[in-house]
Each structure stands twice: as structure tokens, then as C-alpha cells.
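Student: Dumping the structure here so I can ask a few things about it.
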Amino acid sequence: MLALITIFAVDLLLGSEVPQVTARATVVPLPLRGEYRLTVQAVVPRGYHIFSINQQPGGPLPTILELNQSSNLVATSQWRESPRPKTERYDFWPGVDVETLSGTVTWTITLRELERREVLAIMGTLIVFPCSDTTCLNPQEIKFQVVR
């Protein structure tokens with residue numbers, strides 16, 4: 001069974017009209033009973049990019065994916081990011097590989113239920129730092145909830 005819920009973005013600078021990264025989350029059961037694949041997919045506006053969840057320190061703010069604590073779910077993998085980020089170098093971040101993503105970006109993680117329940121609810125937050133070639137926007141916080 002596929003679950004889908006609409007996600008909303010909140011620009012941390014209230015009241016501004018800026019391009020927004022949009023996102024959605026889905027969860028599907030895996031063959032192993034009690035395991036699920038959570039997918040978070042973001043669409044970055046044309047002309048902008050965001051940074052990898054694996055962005056090394058000393059560079060721009062990495063994308064952050066956080067799941068709300070659940071006593072019934074544990075991650076059995078790390079977040080996987082697709083496509084592979086484009087690596088660039090900038091004078092203002094000397095010696096740092098800057099990993100950028102644009103267009104549609106997908107992250108997946110495998111979760112396991114510790115105890116089988118009637119309803120599976122997964123909540124979390126995606127934080128992105130969109131930039132163009134000339135400017136960066138305020139970080140955008142995107143909350144998501146998937147119920148199955």
C-alpha cells in the first residue's frame with residue numbers, strides 16, 4: 001500500500017515571496033514484514049540548487065532530513081541521495097568540495113517497526129538552503145507526515 005501526504009514549506013523569513021522548494025513523502029512496505037522504505041522527493045526551482053546531506057563542514061549548509069522520534073520505528077539504513085551531487089569549488093569556500101543538487105532530488109531510508117501496529121505514522125522535517133548562481137535564499141523548512 002502506498003501512502004502519500006502533501007507537504008508544506010515555511011520560509012523562515014516570514015512574509016517574503018521567494019521561490020519555494022516543494023516536496024512530498026511516500027512510504028511503501030518491503031518484503032520483510034515490518035520494514036518500510038520512506039522516500040522524500042524535493043523539486044528545486046529552476047535556476048536554484050540545494051546542497052547534499054553529505055556536504056562536508058566548512059562549506060554551505062547541508063540539506064537536513066530529520067525524523068521525529070518514535071519508540072516504534074528504527075532506521076535500518078542511512079539516507080541515500082539521488083541523483084549523485086555535482087561537485088564544485090568556490091573561492092569563498094577554499095579547499096571544500098561543494099556538493100550541489102538541482103531539479104528533482106530523492107532521499108530514501110529503510111525503517112523497521114519494532115511492534116506491529118494498526119496505523120503507521122511517520123513525521124519529519126526537510127531543511128534546505130536554496131541558492132542560485134548569484135544569491136542564496138533563507139533556509140526553507142518543509143514538514144512532512146505519512147500515514148499508512
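Naming works like this for the C-alpha cells: A, B, ... for the chains as they're shown, residue 1 at the start of each chain, ligands 1 onward in shown order.
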Skipping near chain neighbours, those fewer than 6 positions away, what residues fall within 10 Å of Pro83 of chain A using only C-alpha atoms, listed as a ChimeraX atom specification?
Tutor: /A:101-107
Student: For Glu118 of chain A, find every residue with an atom within 12 Å (counting only C-alpha atoms), except residues of its own chain fewer than 4 positions away, and show them as number ranges by chain.
Tutor: A: 34, 113, 147-148
Student: Do you know which residues are at most 10 Å from segment 84-90 of chain A counting only C-alpha atoms, after dropping those on the same chain fewer than 6 positions away, and could you put them as a ChimeraX atom specification?
Tutor: /A:50-55,59,96-102,105
Student: Using atom CA of Ile142 of chain A and atom CA of Leu114 of chain A as the two end points, give the distance in Å to one decimal.
Tutor: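 Going from atom CA of Ile142 of chain A over to atom CA of Leu114 of chain A, I get 26.9 Å.
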Student: Distance atom CA of Leu111 of chain A-atom CA of Gln41 of chain A, one decimal place?
Tutor: 16.8 Å
Student: Compare A:Ala23, A:Val28, A:Ile64, A:Val119 by their minimum atom-to-atom distance to Pro139 of chain A, counting only C-alpha atoms, and give me the closest one.
Tutor: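 Answer, going by the shortest atom-to-atom distance: A:Ile64.
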Student: Out of A:Leu67, A:Ala42, A:Ala25, A:Val146, which residue has the shortest atom-to-atom distance to Pro130 of chain A when counting only C-alpha atoms?
Tutor: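 Result for the nearest residue to Pro130 of chain A: A:Ala42.
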Student: Please run DSSP on the backbone and report, as a PyMOL selection string, all residues within chain A that come out as strand (DSSP E or B).
Tutor: chain A and resi 3-6+8-11+22-29+35-43+49-51+64-67+73-75+80-82+86-88+98-101+104-113+121-128+131+136+140-147
Student: Hey, what's within 12 Å of Gly47 of chain A if we count only C-alpha atoms and toss same-chain stuff fewer than 4 positions away? As a PyMOL selection string, please?
Tutor: chain A and resi 19-21+43+101-103+130-136
Student: Go ahead and dump the residues you just picked, N, CA and C atoms, as a short mmCIF file (atom, residue, chain, number, x, y, z; two decimals), in the first residue's frame.
Tutor:
data_model
loop_
_atom_site.label_atom_id
_atom_site.label_comp_id
_atom_site.auth_asym_id
_atom_site.auth_seq_id
_atom_site.Cartn_x
_atom_site.Cartn_y
_atom_site.Cartn_z
N PRO A 19 11.05 31.90 -4.34
CA PRO A 19 10.85 30.56 -4.89
C PRO A 19 10.93 29.52 -3.77
N GLN A 20 10.04 28.56 -3.80
CA GLN A 20 10.00 27.53 -2.76
C GLN A 20 10.39 26.17 -3.31
N VAL A 21 11.18 25.46 -2.56
CA VAL A 21 11.42 24.05 -2.84
C VAL A 21 10.14 23.34 -2.41
N VAL A 43 11.52 19.07 -5.24
CA VAL A 43 11.71 19.71 -6.53
C VAL A 43 12.27 21.10 -6.26
N LEU A 101 22.79 19.98 -5.76
CA LEU A 101 21.72 19.19 -6.38
C LEU A 101 20.69 20.16 -6.94
N SER A 102 20.15 19.85 -8.10
CA SER A 102 19.10 20.69 -8.67
C SER A 102 18.05 19.79 -9.32
N GLY A 103 16.93 20.41 -9.71
CA GLY A 103 15.85 19.64 -10.32
C GLY A 103 15.13 18.81 -9.27
N PRO A 130 18.34 26.86 -0.45
CA PRO A 130 18.39 27.08 -1.89
C PRO A 130 19.26 28.28 -2.28
N CYS A 131 20.06 28.10 -3.32
CA CYS A 131 20.91 29.16 -3.84
C CYS A 131 20.85 29.15 -5.36
N SER A 132 21.05 30.34 -5.95
CA SER A 132 21.25 30.45 -7.40
C SER A 132 22.72 30.77 -7.60
N ASP A 133 23.10 31.11 -8.80
CA ASP A 133 24.49 31.48 -9.05
C ASP A 133 24.85 32.83 -8.44
N THR A 134 23.84 33.62 -8.08
CA THR A 134 24.10 34.97 -7.59
C THR A 134 23.65 35.23 -6.16
N THR A 135 22.75 34.40 -5.62
CA THR A 135 22.22 34.67 -4.29
C THR A 135 21.72 33.40 -3.62
N CYS A 136 21.66 33.45 -2.30
CA CYS A 136 21.09 32.34 -1.54
C CYS A 136 19.84 32.84 -0.82
#
Student: From the options A:Asn138, A:Thr39, A:Thr110, A:Thr125, which residue's atoms come nearest to Ser82 of chain A, counting only C-alpha atoms?
Tutor: A:Thr39
Student: For a test of reading the model, state the distance in Å between atom CA of Phe144 of chain A and atom CA of Gly124 of chain A, rounded to one decimal.
Tutor: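 Interatomic distance here is 5.4 Å.
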Student: Nearest residue to Val27 of chain A out of A:Gly95, A:Val128, A:Ile109, A:Arg116, using only C-alpha atoms?
Tutor: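 Of the candidates, the smallest distance to Val27 of chain A is held by A:Ile109.
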